[in-house]
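Below is query_14.txt, which holds compact mmCIF, C-alpha atoms.
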```txt
# COMPACT_ATOMS: atom_id res chain seq x y z
CA MET V 5 1.90 -34.48 -18.10
CA ASN V 6 4.10 -31.87 -16.36
CA ASP V 7 7.85 -31.99 -16.90
CA ASP V 8 8.37 -31.96 -13.15
CA ALA V 9 6.55 -34.91 -11.60
CA SER V 10 4.67 -33.78 -8.49
CA ALA V 11 3.61 -35.98 -5.61
CA ILE V 12 0.11 -35.18 -4.34
CA LEU V 13 -1.57 -36.47 -1.19
CA VAL V 14 -5.38 -36.61 -1.05
CA VAL V 15 -6.80 -36.74 2.49
CA ASP V 16 -10.51 -37.50 2.84
CA ASP V 17 -12.47 -39.94 5.00
CA ASN V 18 -14.92 -40.60 2.14
CA GLU V 19 -13.73 -43.34 -0.22
CA ASP V 20 -15.78 -42.03 -3.14
CA ASN V 21 -14.21 -38.59 -2.79
CA ARG V 22 -10.71 -40.08 -2.68
CA TYR V 23 -11.43 -42.12 -5.80
CA THR V 24 -12.94 -39.15 -7.68
CA LEU V 25 -10.06 -36.81 -6.87
CA THR V 26 -7.41 -39.43 -7.65
CA ARG V 27 -9.01 -40.22 -11.01
CA ARG V 28 -9.34 -36.57 -12.00
CA LEU V 29 -5.82 -35.69 -10.92
CA LYS V 30 -4.39 -38.55 -12.95
CA ARG V 31 -6.46 -37.52 -15.97
CA GLN V 32 -4.90 -34.07 -15.60
CA GLY V 33 -1.39 -35.56 -15.79
CA HIS V 34 -0.54 -36.11 -12.12
CA ASP V 35 0.44 -39.78 -11.94
CA GLU V 36 1.90 -39.75 -8.43
CA VAL V 37 -1.21 -39.46 -6.24
CA ALA V 38 -1.41 -41.04 -2.78
CA THR V 39 -4.43 -41.12 -0.45
CA ALA V 40 -5.08 -41.13 3.28
CA GLU V 41 -8.42 -41.87 4.91
CA ASP V 42 -7.91 -39.73 8.03
CA GLY V 43 -5.76 -36.96 9.48
CA ARG V 44 -3.47 -39.15 11.58
CA LYS V 45 -2.65 -41.37 8.62
CA ALA V 46 -1.95 -38.27 6.55
CA LEU V 47 0.59 -36.94 9.06
CA GLU V 48 2.28 -40.35 9.16
CA MET V 49 2.61 -40.37 5.38
CA LEU V 50 3.86 -36.78 5.31
CA GLY V 51 6.54 -37.69 7.83
CA ALA V 52 7.62 -40.76 5.88
CA ARG V 53 8.08 -39.21 2.41
CA SER V 54 7.97 -35.89 0.59
CA PHE V 55 4.87 -34.43 -1.09
CA ASP V 56 4.45 -31.33 -3.23
CA LEU V 57 0.78 -30.68 -2.46
CA VAL V 58 -1.88 -31.84 -0.01
CA LEU V 59 -5.60 -31.82 -0.81
CA LEU V 60 -7.13 -31.85 2.65
CA ASP V 61 -10.75 -32.40 3.64
CA ILE V 62 -12.05 -30.29 6.53
CA MET V 63 -14.69 -32.51 8.11
CA MET V 64 -13.13 -35.80 9.24
CA PRO V 65 -13.61 -37.84 12.44
CA GLU V 66 -11.01 -37.89 15.24
CA MET V 67 -8.61 -35.42 13.62
CA ASP V 68 -10.21 -32.89 11.28
CA GLY V 69 -8.60 -30.84 8.55
CA TYR V 70 -8.05 -27.81 10.79
CA GLU V 71 -5.98 -29.91 13.19
CA VAL V 72 -3.94 -31.46 10.36
CA LEU V 73 -3.28 -28.03 8.88
CA GLU V 74 -2.19 -26.64 12.25
CA ALA V 75 0.14 -29.61 12.79
CA MET V 76 1.71 -29.15 9.35
CA LYS V 77 2.32 -25.44 9.84
CA ALA V 78 3.87 -26.11 13.26
CA ASP V 79 6.35 -28.63 11.77
CA SER V 80 9.40 -27.07 10.09
CA ARG V 81 9.63 -30.05 7.71
CA LEU V 82 6.03 -29.75 6.52
CA ARG V 83 5.05 -26.08 6.72
CA ARG V 84 6.24 -25.29 3.19
CA ILE V 85 4.00 -27.91 1.57
CA PRO V 86 1.02 -26.08 0.02
CA VAL V 87 -2.39 -27.21 1.26
CA LEU V 88 -5.58 -26.98 -0.78
CA MET V 89 -8.64 -27.41 1.45
CA ILE V 90 -11.61 -29.40 0.15
CA SER V 91 -14.99 -29.35 1.83
CA ALA V 92 -18.71 -29.53 1.24
CA LEU V 93 -19.04 -26.57 3.60
CA ASP V 94 -20.00 -23.33 1.85
CA ASP V 95 -19.65 -21.40 5.11
CA ILE V 96 -17.32 -18.43 4.62
CA ASP V 97 -16.07 -18.87 8.20
CA SER V 98 -14.51 -22.21 7.28
CA ILE V 99 -12.75 -20.69 4.27
CA VAL V 100 -11.45 -17.73 6.28
CA ARG V 101 -10.23 -19.98 9.08
CA CYS V 102 -8.34 -22.25 6.67
CA ILE V 103 -6.60 -19.31 4.97
CA GLU V 104 -5.67 -17.84 8.35
CA LEU V 105 -4.16 -21.18 9.37
CA GLY V 106 -1.96 -21.15 6.26
CA ALA V 107 -3.88 -22.94 3.51
CA GLU V 108 -3.12 -21.78 -0.03
CA ASP V 109 -6.69 -21.99 -1.31
CA TYR V 110 -9.84 -24.12 -1.18
CA LEU V 111 -12.08 -26.26 -3.37
CA PRO V 112 -15.82 -26.78 -2.78
CA LYS V 113 -17.55 -30.14 -3.11
CA PRO V 114 -18.79 -31.42 -5.51
CA PHE V 115 -15.48 -31.06 -7.33
CA ASN V 116 -15.37 -28.81 -10.37
CA PRO V 117 -12.68 -30.26 -12.69
CA THR V 118 -11.77 -26.85 -14.12
CA LEU V 119 -11.30 -25.27 -10.70
CA LEU V 120 -9.44 -28.36 -9.57
CA ARG V 121 -6.95 -28.09 -12.42
CA ALA V 122 -6.46 -24.34 -12.05
CA ARG V 123 -5.93 -24.33 -8.31
CA VAL V 124 -3.77 -27.44 -8.21
CA GLU V 125 -1.50 -26.03 -10.93
CA ALA V 126 -1.29 -22.66 -9.16
CA CYS V 127 -0.28 -24.33 -5.88
CA LEU V 128 2.30 -26.55 -7.55
CA GLU V 129 3.83 -23.62 -9.44
CA LYS V 130 4.24 -21.69 -6.17
CA LYS V 131 5.91 -24.74 -4.65
CA ARG V 132 8.33 -25.04 -7.59
CA LEU V 133 9.28 -21.36 -7.31
CA ARG V 134 9.91 -21.64 -3.57
CA ASP V 135 11.98 -24.80 -4.07
CA ARG V 136 14.13 -23.08 -6.71
CA GLU V 137 14.69 -20.09 -4.45
CA THR V 138 15.75 -22.38 -1.61
CA ALA V 139 18.07 -24.43 -3.84
CA HIS V 140 19.71 -21.35 -5.39
CA PRO V 141 19.82 -18.58 -2.78
CA GLU V 142 22.77 -16.90 -4.52
CA ARG V 143 21.37 -14.88 -7.37
CA PRO V 144 23.26 -13.35 -10.30
CA GLU V 145 24.30 -9.73 -9.84
CA SER V 146 21.71 -8.60 -12.38
CA GLU V 147 18.96 -10.05 -10.18
CA THR V 148 20.21 -8.34 -7.02
CA GLU V 149 20.55 -4.82 -8.39
CA ARG V 150 17.12 -3.97 -6.94
CA PRO V 151 16.95 -6.00 -3.71
CA GLY V 152 13.62 -4.48 -2.70
CA ALA V 153 11.81 -5.26 -5.94
CA PRO V 154 10.54 -8.75 -4.97
CA LEU V 155 9.39 -7.45 -1.59
CA ARG V 156 7.60 -4.50 -3.16
CA ALA V 157 5.54 -6.99 -5.14
CA VAL V 158 4.04 -8.46 -1.95
CA LEU V 159 4.44 -5.82 0.78
CA PRO V 160 3.28 -2.20 1.12
CA ALA V 161 6.05 0.39 0.82
CA GLY V 162 6.23 1.08 4.55
CA ALA V 163 6.40 -2.63 5.31
CA VAL V 164 9.25 -3.09 2.80
CA GLN V 165 11.28 -0.44 4.59
CA GLU V 166 10.63 -2.03 7.98
CA PHE V 167 11.58 -5.48 6.69
CA GLU V 168 14.80 -4.25 5.09
CA GLU V 169 15.79 -2.47 8.32
CA THR V 170 14.78 -5.13 10.86
CA GLY V 171 14.26 -8.40 8.94
CA ALA V 172 10.63 -8.57 10.04
CA VAL V 173 7.30 -6.75 9.81
CA ARG V 174 5.87 -6.56 13.30
CA PRO V 175 2.09 -7.06 13.52
CA ARG V 176 0.44 -3.88 14.75
CA ARG V 177 -3.04 -2.52 15.34
CA PHE V 178 -4.63 0.06 13.04
CA ASP V 179 -7.75 1.65 14.50
CA ASP V 180 -9.42 3.18 11.44
CA VAL V 181 -9.22 0.88 8.42
CA ALA V 182 -11.83 0.25 5.74
CA VAL V 183 -11.78 -3.21 4.14
CA VAL V 184 -13.23 -4.03 0.72
CA CYS V 185 -14.06 -7.61 -0.34
CA CYS V 186 -14.94 -7.94 -4.04
CA ASP V 187 -16.09 -11.44 -5.03
CA VAL V 188 -16.87 -12.49 -8.61
CA ALA V 189 -20.42 -13.83 -8.87
CA GLY V 190 -20.94 -17.06 -10.80
CA PHE V 191 -17.27 -17.86 -11.38
CA ALA V 192 -17.74 -21.58 -10.74
CA GLY V 193 -20.51 -21.73 -13.33
CA TYR V 194 -18.29 -20.00 -15.88
CA CYS V 195 -15.56 -22.56 -15.18
CA ASP V 196 -17.98 -25.38 -15.94
CA ARG V 197 -18.39 -24.10 -19.50
CA HIS V 198 -14.85 -22.99 -20.37
CA PRO V 199 -11.28 -24.38 -20.36
CA PRO V 200 -9.32 -23.65 -17.16
CA GLU V 201 -6.78 -21.48 -18.96
CA ALA V 202 -9.55 -19.25 -20.31
CA ALA V 203 -11.39 -18.98 -16.97
CA VAL V 204 -8.29 -18.19 -14.93
CA GLY V 205 -7.08 -15.78 -17.62
CA GLU V 206 -10.34 -13.82 -17.44
CA LEU V 207 -10.11 -13.72 -13.65
CA GLN V 208 -6.52 -12.50 -13.92
CA ARG V 209 -7.61 -9.64 -16.22
CA ARG V 210 -10.08 -8.44 -13.62
CA PHE V 211 -7.67 -8.76 -10.72
CA GLU V 212 -5.07 -6.74 -12.62
CA ARG V 213 -7.72 -4.06 -13.20
CA PHE V 214 -8.67 -4.19 -9.51
CA GLU V 215 -5.03 -3.68 -8.54
CA GLY V 216 -4.96 -0.50 -10.60
CA ILE V 217 -8.21 0.70 -9.05
CA THR V 218 -6.93 0.14 -5.51
CA LEU V 219 -3.84 2.22 -6.28
CA GLU V 220 -5.95 5.01 -7.79
CA HIS V 221 -8.01 5.22 -4.60
CA GLY V 222 -5.12 4.91 -2.14
CA LEU V 223 -5.90 1.34 -1.01
CA GLU V 224 -3.54 -1.57 -0.50
CA LYS V 225 -4.26 -4.95 -2.07
CA VAL V 226 -4.20 -7.54 0.72
CA ARG V 227 -4.77 -10.90 -0.97
CA THR V 228 -6.89 -12.91 -3.35
CA VAL V 229 -8.76 -16.03 -2.24
CA GLY V 230 -10.38 -18.02 -5.02
CA SER V 231 -12.43 -15.46 -6.96
CA ALA V 232 -12.40 -12.85 -4.16
CA PHE V 233 -10.15 -9.77 -4.06
CA LEU V 234 -9.42 -8.13 -0.69
CA ALA V 235 -8.08 -4.57 -0.25
CA ALA V 236 -7.87 -2.05 2.58
CA ALA V 237 -7.71 1.73 3.07
CA GLY V 238 -5.84 3.25 6.00
CA LEU V 239 -2.73 1.07 6.34
CA PRO V 240 0.19 0.90 6.74
CA HIS V 241 -0.13 4.70 6.58
CA PRO V 242 -3.26 6.70 7.40
CA VAL V 243 -5.31 8.07 4.49
CA ALA V 244 -7.93 10.78 4.49
CA ASP V 245 -11.43 9.36 4.84
CA PRO V 246 -10.65 5.63 4.40
CA LEU V 247 -14.32 4.57 4.43
CA LEU V 248 -15.25 6.96 1.63
CA GLN V 249 -12.22 5.84 -0.37
CA ALA V 250 -13.20 2.18 0.13
CA ALA V 251 -16.76 2.87 -1.04
CA ARG V 252 -15.44 4.67 -4.13
CA CYS V 253 -13.07 1.79 -4.80
CA GLY V 254 -15.90 -0.75 -4.57
CA LEU V 255 -18.09 1.19 -6.98
CA ALA V 256 -15.17 1.51 -9.41
CA MET V 257 -14.56 -2.25 -9.23
CA ALA V 258 -18.22 -2.94 -10.03
CA ALA V 259 -18.16 -0.48 -12.95
CA ALA V 260 -14.90 -1.91 -14.32
CA THR V 261 -16.22 -5.46 -14.12
CA ALA V 262 -19.28 -4.50 -16.16
CA GLU V 263 -17.00 -3.07 -18.88
CA ILE V 264 -14.86 -6.19 -19.35
CA ALA V 265 -16.17 -8.96 -21.60
CA PRO V 266 -17.44 -11.48 -20.67
CA HIS V 267 -19.66 -9.30 -18.50
CA TRP V 268 -19.43 -10.89 -15.07
CA GLN V 269 -20.80 -9.26 -11.94
CA VAL V 270 -19.31 -8.84 -8.49
CA ARG V 271 -20.64 -8.76 -4.95
CA ILE V 272 -18.85 -6.21 -2.77
CA GLY V 273 -18.77 -5.88 1.00
CA VAL V 274 -17.26 -2.92 2.87
CA HIS V 275 -16.64 -2.69 6.59
CA SER V 276 -14.69 -0.27 8.76
CA GLY V 277 -12.96 -0.53 12.11
CA PRO V 278 -9.76 -1.75 13.79
CA VAL V 279 -7.54 -4.48 12.33
CA VAL V 280 -4.20 -6.09 13.09
CA ALA V 281 -1.84 -6.17 10.10
CA GLY V 282 1.60 -7.64 9.53
CA VAL V 283 3.55 -10.60 8.21
CA MET V 284 2.94 -14.09 9.54
CA GLY V 285 5.61 -16.78 9.08
CA GLY V 286 9.33 -16.75 8.33
CA LEU V 287 9.70 -18.34 4.90
CA ARG V 288 7.11 -16.36 2.92
CA PHE V 289 6.18 -12.73 3.28
CA PRO V 290 2.48 -12.12 2.64
CA TYR V 291 1.15 -8.94 4.26
CA ASP V 292 -2.17 -9.84 5.85
CA LEU V 293 -4.96 -8.51 8.05
CA TRP V 294 -6.80 -10.04 10.98
CA GLY V 295 -9.85 -9.07 12.99
CA ASP V 296 -13.63 -8.71 12.85
CA THR V 297 -13.41 -5.82 10.40
CA VAL V 298 -11.87 -8.12 7.77
CA GLU V 299 -14.21 -11.03 8.40
CA TYR V 300 -17.29 -8.81 8.34
CA ALA V 301 -16.30 -7.32 4.97
CA VAL V 302 -15.98 -10.86 3.57
CA ARG V 303 -19.34 -11.92 5.01
CA LEU V 304 -21.07 -8.79 3.77
CA ALA V 305 -19.86 -9.51 0.23
CA GLY V 306 -21.77 -12.78 0.44
CA HIS V 307 -24.94 -10.80 1.19
CA ALA V 308 -24.53 -8.21 -1.56
CA ASN V 309 -26.68 -8.16 -4.67
CA PRO V 310 -24.66 -8.66 -7.88
CA GLY V 311 -22.98 -5.45 -8.98
CA ARG V 312 -23.60 -3.76 -5.61
CA VAL V 313 -21.54 -2.40 -2.72
CA VAL V 314 -23.12 -3.21 0.63
CA MET V 315 -22.30 -2.17 4.21
CA THR V 316 -24.04 -2.08 7.57
CA ALA V 317 -26.27 0.85 8.43
CA ALA V 318 -23.94 1.71 11.33
CA VAL V 319 -20.98 2.09 8.96
CA TRP V 320 -23.10 3.84 6.33
CA ALA V 321 -24.05 6.50 8.90
CA ARG V 322 -20.46 7.80 8.75
CA ILE V 323 -20.74 8.78 5.07
CA GLU V 324 -24.49 9.06 4.41
CA ASN V 325 -24.46 12.86 4.31
CA ARG V 326 -21.98 12.75 1.39
CA CYS V 327 -23.16 9.69 -0.54
CA ARG V 328 -26.36 8.30 -2.01
CA GLY V 329 -27.61 4.94 -0.82
CA ARG V 330 -30.56 2.60 -0.58
CA ALA V 331 -31.84 0.66 2.41
CA CYS V 332 -31.84 -3.11 1.95
CA GLY V 333 -33.50 -4.18 5.18
CA PRO V 334 -32.25 -6.59 7.84
CA ALA V 335 -29.95 -9.57 7.35
CA ALA V 336 -28.03 -11.86 9.65
CA PRO V 337 -24.51 -12.52 8.30
CA GLU V 338 -22.73 -15.30 10.17
CA GLY V 339 -21.22 -14.03 13.41
CA MET V 340 -22.69 -10.52 13.11
CA GLY V 341 -26.21 -11.01 14.39
CA GLU V 342 -29.08 -9.17 12.73
CA VAL V 343 -27.96 -5.92 11.10
CA GLU V 344 -29.51 -3.39 8.74
CA LEU V 345 -27.78 -3.30 5.36
CA VAL V 346 -27.41 -0.39 2.95
CA GLU V 347 -26.28 -0.35 -0.68
CA CYS V 348 -23.93 2.50 -1.54
CA LEU V 349 -25.08 3.79 -4.93
CA GLU V 350 -22.90 6.84 -5.49
CA THR V 351 -20.04 8.75 -3.82
CA PRO V 352 -18.75 12.26 -4.58
CA GLY V 353 -16.81 12.06 -7.84
CA SER V 354 -17.91 8.51 -8.67
CA ASP V 355 -19.30 7.54 -12.06
CA ALA V 356 -22.24 5.56 -10.72
CA GLY V 357 -25.40 5.86 -12.77
CA ALA V 358 -28.44 7.68 -11.51
CA GLU V 359 -30.96 5.62 -9.60
CA PRO V 360 -33.91 6.45 -7.36
CA GLU V 361 -32.49 7.71 -4.08
CA HIS V 362 -34.78 5.69 -1.84
CA ARG V 363 -36.96 2.65 -1.92
CA ALA V 364 -38.83 0.73 0.72
CA PRO V 365 -36.53 -1.60 2.66
CA SER V 366 -36.75 -5.14 1.37
CA ALA V 367 -35.13 -8.48 1.98
CA ILE V 368 -31.82 -8.79 0.13
CA ASP V 369 -30.25 -11.78 -1.53
CA ALA V 370 -29.03 -13.41 1.68
CA ARG V 371 -27.15 -16.39 0.31
CA PRO V 372 -24.17 -16.93 2.61
CA GLY V 373 -20.57 -17.30 1.52
CA SER V 374 -18.57 -16.86 -1.66
CA THR V 375 -20.09 -17.51 -5.05
CA SER V 376 -16.88 -19.01 -6.38
```

Translate this structure into structure tokens?
Amino acid sequence: MNDDASAILVVDDNEDNRYTLTRRLKRQGHDEVATAEDGRKALEMLGARSFDLVLLDIMMPEMDGYEVLEAMKADSRLRRIPVLMISALDDIDSIVRCIELGAEDYLPKPFNPTLLRARVEACLEKKRLRDRETAHPERPESETERPGAPLRAVLPAGAVQEFEETGAVRPRRFDDVAVVCCDVAGFAGYCDRHPPEAAVGELQRRFERFEGITLEHGLEKVRTVGSAFLAAAGLPHPVADPLLQAARCGLAMAAATAEIAPHWQVRIGVHSGPVVAGVMGGLRFPYDLWGDTVEYAVRLAGHANPGRVVMTAAVWARIENRCRGRACGPAAPEGMGEVELVECLETPGSDAGAEPEHRAPSAIDARPGSTS
């Protein structure tokens, strides 16, 4: 059991789900677990006592998980409580919407005990760190010698300067940004067969490698969601040829993943266009992106073949005279309508292996959503 007892609230209208989650959480050392059968009851309980984490179902009658999450983030007493969304929905739109509303992460149904442990512990550790920072705002002189260091860990350099000068990072529009979504294929299955520490450790190794790759190609890491890594080229400062740099970055991520044992694969989506970027909230400072460009990159990753970088034919047309690709045929990612997809096989200076330059268009693996 953890040294610091944590109070967890499970909110789900299904009694079997509440029982399963409560039993598994207690087996994992969390003795203080309360339950609520609907959203209104959950808000009543949150107002009556303190909790360290909420596991919140999305689909509930009367007041669904989206509404509960919005209410929590609008309440100054509740907005700092981390929320882990749980849902049978494998629709990427639901995941994106929850993260945009302020959820820390998500868990798919049926519940994977390894993922449950890893994501619950990650959320609780973040909560403990925030509580310690709030309780002890005065830091020793040795910790304040580099006041920008903590901000540089979560904000791009230009955003750090703006925050230090104004106390905020104003959301602004960037017209030419390329977004890369790299999602690990089969991560949930790996978790089923390995201890949580091992699974999360392997994921951490890849994400650290991805961070280095983004820097090498002039991209900014945006965030990680589950087993997906999101980065962007062209903000907060313009870069030369952001789409080409994003394609190179995606190919490098796929190549790096193949080199690291165990040899997982990734699905990579790239999209280009305008975004809005900035910092949302006043207590935490994550730099984030919003807009169709971001959502389309995430959805395209769900339609990529393992180990491949995929984009729409319209975006591909901007770099096709400098890169080598392969037509994949039509697909209909959620919210995008029917589009032609292209796999980017090689960019100038990339280390991608030689493959036939063309093949007849064929249906691609069109399974929606994240594989995590």

Worksheet item: Near region 276-280 of chain V, within 6 Å and counting only C-alpha atoms, which residues show up once chain neighbours fewer than 4 positions away are dropped, as a list in words?
Response: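 That gives Arg176, Arg177, Phe178, Asp179, Asp180, Val181, Ala182, Leu293, Trp294, Gly295 and Thr297 of chain V.
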
Within 8 Å of region 36-49 of chain V using all atoms listed in the file, minus same-chain residues under 5 positions, as a compact mmCIF listing (two decimals) with C-alpha atoms, in the coordinates of the input:
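Everything below was put into around.txt:
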```txt
# COMPACT_ATOMS: atom_id res chain seq x y z
CA ALA V 9 6.55 -34.91 -11.60
CA SER V 10 4.67 -33.78 -8.49
CA ALA V 11 3.61 -35.98 -5.61
CA ILE V 12 0.11 -35.18 -4.34
CA LEU V 13 -1.57 -36.47 -1.19
CA VAL V 14 -5.38 -36.61 -1.05
CA VAL V 15 -6.80 -36.74 2.49
CA ASP V 16 -10.51 -37.50 2.84
CA ASP V 17 -12.47 -39.94 5.00
CA ASN V 18 -14.92 -40.60 2.14
CA GLU V 19 -13.73 -43.34 -0.22
CA ARG V 22 -10.71 -40.08 -2.68
CA THR V 26 -7.41 -39.43 -7.65
CA LEU V 29 -5.82 -35.69 -10.92
CA LYS V 30 -4.39 -38.55 -12.95
CA MET V 64 -13.13 -35.80 9.24
CA PRO V 65 -13.61 -37.84 12.44
CA GLU V 66 -11.01 -37.89 15.24
CA MET V 67 -8.61 -35.42 13.62
CA ASP V 68 -10.21 -32.89 11.28
CA GLY V 69 -8.60 -30.84 8.55
CA GLU V 71 -5.98 -29.91 13.19
CA VAL V 72 -3.94 -31.46 10.36
CA MET V 76 1.71 -29.15 9.35
```

Adding 5 Å on each side of the box along x, y and z that holds all listed atoms of region 323-333 of chain V, could you give its centre and edge lengths in Å to one decimal, as lines of an AutoDock Vina configuration file?
```
center_x = -27.1
center_y = 4.3
center_z = 1.6
size_x = 22.8
size_y = 27.0
size_z = 17.2
```

Worksheet item: With all atoms listed in the file as the atoms that count, which of V:Ala122, V:Leu255, V:Ala78, V:Cys127 lies nearest to Ala202 (chain V)?
Response: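 Residue with the minimum atom-to-atom distance to Ala202 (chain V): V:Ala122.
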
Fill in: CA of Gly230 (chain V) to CA of Glu350 (chain V), straight-line distance in Å
27.8 Å
